[in-house]
Each structure stands twice: as C-alpha cells, then as structure tokens.
Amino acid sequence: MSVQLIIAGIIFLAVIMLIMSSGKYKGAVITAEELKSQIAEKTKMTLLDVRTPAEFTYGHITNAVNLPLQSLETSVTGVVPDKASYVVTYCASGRRSAEASKLLVKMGYTNLRNYSGSMNDWMRRGNQITK
C-alpha cells in the first residue's frame, strides 16, 4: 500500500510540475509585435508598468497601470483582483518586469506575459506612448 501511495504522490507531483511549466502559469514572454497587435485588437489585459512613478510620468505604453515593483506585492490585488485575468508586465530594461512576473506567479496569478523587450525598446520601435 505504501508503494502505491508513493507512486500516486510521484504522479501528482509530475502533474503539478507540468501545469507549472505551461506558458500561462510561468508568465511566458510576449514580443513587441505580439503586444502591439494585442493592443490594436483591444485584447482585454492589464498592462503593468513596474517602473518608478517618475519613469512612468516620462512616458508609458498607453493604458498601462503604474505599479512599481517595490509595492507590487502589497498593491496588485487592488489593481488585478482576478488572478486568472491576463496580465502583461514591462519595465525599462526587462529585469524588474521579470522579477514582477515571478512574484505574481508566487502569488497565484496564472495568465502572465512578460514583455521581452523594454520600454526603451518599445520607444525605439516607434510605438505609441503616453506622457
């Protein structure tokens, strides 16, 4: 009986690991082209700019919500209460948004994308920003 329990436990862990490795759970990457297309198509999403308020004021992707990485854990549920809703994170270089995605996964968010570029890349490509 204990061998059966061990096998069941191993199968259970394998299934959990499979779920966690899917793009939706881990916060897969989204490219500039994909993000631009989804914005144009008015895809329902929360676009989280995890830079500082000063950086956000300088310019941000239209309709983004500024939620600095430092306050993300304590404030995100007020902005994104549904942990299954679609969330895209971005920052100036990609480092903070990657950290934000990891944190959101730990908090139970399951439909994440991290913009593979950066705000700098977004502007270099001539994409629309709001000041």
# chains A, B, ... in the order shown; residues from 1 in each chain; ligands from 1
>>> select_by_dssp(residues="chain A", states="strand (DSSP E)", output="list in words")
Ala28, Val29, Ile30, Thr46, Leu47, Leu48, Asp49, His60, Ile61, Val65, Asn66, Val87, Val88, Thr89, Tyr90, Leu112, Arg113, Asn114, Tyr115, Ile129 and Thr130 of chain A
>>> residues_around(residues="segment 39-56 of chain A", least_positions_apart="5", cutoff="12 Å", atoms="only C-alpha atoms", output="count of residues only")
58
>>> select_by_dssp(residues="chain A", states="alpha helix (DSSP H)", output="number ranges by chain")
A: 2-21, 23-26, 32-40, 53-58, 69-79, 95-106, 119-124
>>> atom_distance(atom1="atom CA of Ala28 of chain A", atom2="atom CA of Met107 of chain A")
16.0 Å
>>> decode(residues="segment 94-124 of chain A", atoms="N, CA and C atoms", output="PDB file, in the first residue's frame")
ATOM      1  N   GLY A  94      13.717  45.233 -18.597  1.00  0.00           N
ATOM      2  CA  GLY A  94      13.259  43.846 -18.591  1.00  0.00           C
ATOM      3  C   GLY A  94      13.551  43.118 -17.290  1.00  0.00           C
ATOM      4  N   ARG A  95      14.481  43.630 -16.491  1.00  0.00           N
ATOM      5  CA  ARG A  95      14.851  42.963 -15.240  1.00  0.00           C
ATOM      6  C   ARG A  95      13.723  43.026 -14.217  1.00  0.00           C
ATOM      7  N   ARG A  96      13.186  44.221 -13.961  1.00  0.00           N
ATOM      8  CA  ARG A  96      12.129  44.363 -12.951  1.00  0.00           C
ATOM      9  C   ARG A  96      10.843  43.659 -13.365  1.00  0.00           C
ATOM     10  N   SER A  97      10.522  43.705 -14.658  1.00  0.00           N
ATOM     11  CA  SER A  97       9.294  43.035 -15.093  1.00  0.00           C
ATOM     12  C   SER A  97       9.418  41.523 -14.971  1.00  0.00           C
ATOM     13  N   ALA A  98      10.618  40.978 -15.188  1.00  0.00           N
ATOM     14  CA  ALA A  98      10.836  39.538 -14.980  1.00  0.00           C
ATOM     15  C   ALA A  98      10.661  39.200 -13.502  1.00  0.00           C
ATOM     16  N   GLU A  99      11.193  40.040 -12.627  1.00  0.00           N
ATOM     17  CA  GLU A  99      11.017  39.833 -11.189  1.00  0.00           C
ATOM     18  C   GLU A  99       9.539  39.922 -10.822  1.00  0.00           C
ATOM     19  N   ALA A 100       8.844  40.900 -11.408  1.00  0.00           N
ATOM     20  CA  ALA A 100       7.417  41.070 -11.131  1.00  0.00           C
ATOM     21  C   ALA A 100       6.636  39.827 -11.560  1.00  0.00           C
ATOM     22  N   SER A 101       6.945  39.290 -12.724  1.00  0.00           N
ATOM     23  CA  SER A 101       6.251  38.085 -13.200  1.00  0.00           C
ATOM     24  C   SER A 101       6.470  36.920 -12.239  1.00  0.00           C
ATOM     25  N   LYS A 102       7.707  36.741 -11.799  1.00  0.00           N
ATOM     26  CA  LYS A 102       8.000  35.661 -10.846  1.00  0.00           C
ATOM     27  C   LYS A 102       7.216  35.846  -9.554  1.00  0.00           C
ATOM     28  N   LEU A 103       7.157  37.069  -9.070  1.00  0.00           N
ATOM     29  CA  LEU A 103       6.413  37.359  -7.845  1.00  0.00           C
ATOM     30  C   LEU A 103       4.924  37.091  -8.034  1.00  0.00           C
ATOM     31  N   LEU A 104       4.388  37.513  -9.172  1.00  0.00           N
ATOM     32  CA  LEU A 104       2.962  37.299  -9.442  1.00  0.00           C
ATOM     33  C   LEU A 104       2.626  35.810  -9.521  1.00  0.00           C
ATOM     34  N   VAL A 105       3.515  35.022 -10.105  1.00  0.00           N
ATOM     35  CA  VAL A 105       3.311  33.574 -10.143  1.00  0.00           C
ATOM     36  C   VAL A 105       3.263  33.025  -8.722  1.00  0.00           C
ATOM     37  N   LYS A 106       4.188  33.459  -7.883  1.00  0.00           N
ATOM     38  CA  LYS A 106       4.204  33.007  -6.490  1.00  0.00           C
ATOM     39  C   LYS A 106       2.927  33.396  -5.765  1.00  0.00           C
ATOM     40  N   MET A 107       2.333  34.512  -6.174  1.00  0.00           N
ATOM     41  CA  MET A 107       1.103  34.984  -5.546  1.00  0.00           C
ATOM     42  C   MET A 107      -0.142  34.292  -6.103  1.00  0.00           C
ATOM     43  N   GLY A 108       0.037  33.460  -7.129  1.00  0.00           N
ATOM     44  CA  GLY A 108      -1.089  32.708  -7.671  1.00  0.00           C
ATOM     45  C   GLY A 108      -1.646  33.202  -8.987  1.00  0.00           C
ATOM     46  N   TYR A 109      -1.043  34.204  -9.591  1.00  0.00           N
ATOM     47  CA  TYR A 109      -1.506  34.676 -10.906  1.00  0.00           C
ATOM     48  C   TYR A 109      -1.081  33.659 -11.961  1.00  0.00           C
ATOM     49  N   THR A 110      -1.996  33.378 -12.882  1.00  0.00           N
ATOM     50  CA  THR A 110      -1.772  32.251 -13.794  1.00  0.00           C
ATOM     51  C   THR A 110      -1.756  32.603 -15.281  1.00  0.00           C
ATOM     52  N   ASN A 111      -2.073  33.831 -15.648  1.00  0.00           N
ATOM     53  CA  ASN A 111      -2.146  34.188 -17.066  1.00  0.00           C
ATOM     54  C   ASN A 111      -1.266  35.407 -17.317  1.00  0.00           C
ATOM     55  N   LEU A 112       0.037  35.189 -17.239  1.00  0.00           N
ATOM     56  CA  LEU A 112       1.004  36.280 -17.301  1.00  0.00           C
ATOM     57  C   LEU A 112       1.844  36.232 -18.561  1.00  0.00           C
ATOM     58  N   ARG A 113       2.247  37.406 -18.995  1.00  0.00           N
ATOM     59  CA  ARG A 113       3.253  37.545 -20.044  1.00  0.00           C
ATOM     60  C   ARG A 113       4.195  38.647 -19.600  1.00  0.00           C
ATOM     61  N   ASN A 114       5.464  38.462 -19.877  1.00  0.00           N
ATOM     62  CA  ASN A 114       6.469  39.476 -19.601  1.00  0.00           C
ATOM     63  C   ASN A 114       6.954  39.991 -20.947  1.00  0.00           C
ATOM     64  N   TYR A 115       6.825  41.307 -21.174  1.00  0.00           N
ATOM     65  CA  TYR A 115       7.272  41.881 -22.434  1.00  0.00           C
ATOM     66  C   TYR A 115       8.761  41.626 -22.585  1.00  0.00           C
ATOM     67  N   SER A 116       9.144  40.959 -23.665  1.00  0.00           N
ATOM     68  CA  SER A 116      10.524  40.519 -23.860  1.00  0.00           C
ATOM     69  C   SER A 116      11.482  41.665 -24.142  1.00  0.00           C
ATOM     70  N   GLY A 117      10.951  42.799 -24.520  1.00  0.00           N
ATOM     71  CA  GLY A 117      11.803  43.957 -24.767  1.00  0.00           C
ATOM     72  C   GLY A 117      11.888  44.806 -23.517  1.00  0.00           C
ATOM     73  N   SER A 118      11.731  46.083 -23.696  1.00  0.00           N
ATOM     74  CA  SER A 118      11.780  47.033 -22.598  1.00  0.00           C
ATOM     75  C   SER A 118      11.050  48.282 -23.056  1.00  0.00           C
ATOM     76  N   MET A 119      10.829  49.186 -22.134  1.00  0.00           N
ATOM     77  CA  MET A 119      10.214  50.453 -22.524  1.00  0.00           C
ATOM     78  C   MET A 119      11.109  51.177 -23.513  1.00  0.00           C
ATOM     79  N   ASN A 120      12.409  51.095 -23.302  1.00  0.00           N
ATOM     80  CA  ASN A 120      13.363  51.717 -24.234  1.00  0.00           C
ATOM     81  C   ASN A 120      13.218  51.115 -25.632  1.00  0.00           C
ATOM     82  N   ASP A 121      13.110  49.800 -25.693  1.00  0.00           N
ATOM     83  CA  ASP A 121      12.928  49.096 -26.968  1.00  0.00           C
ATOM     84  C   ASP A 121      11.599  49.501 -27.607  1.00  0.00           C
ATOM     85  N   TRP A 122      10.557  49.581 -26.805  1.00  0.00           N
ATOM     86  CA  TRP A 122       9.226  49.954 -27.290  1.00  0.00           C
ATOM     87  C   TRP A 122       9.284  51.324 -27.981  1.00  0.00           C
ATOM     88  N   MET A 123       9.951  52.270 -27.339  1.00  0.00           N
ATOM     89  CA  MET A 123      10.046  53.628 -27.918  1.00  0.00           C
ATOM     90  C   MET A 123      10.941  53.633 -29.152  1.00  0.00           C
ATOM     91  N   ARG A 124      12.055  52.897 -29.132  1.00  0.00           N
ATOM     92  CA  ARG A 124      12.947  52.825 -30.306  1.00  0.00           C
ATOM     93  C   ARG A 124      12.217  52.307 -31.527  1.00  0.00           C
TER      94      ARG A 124
END
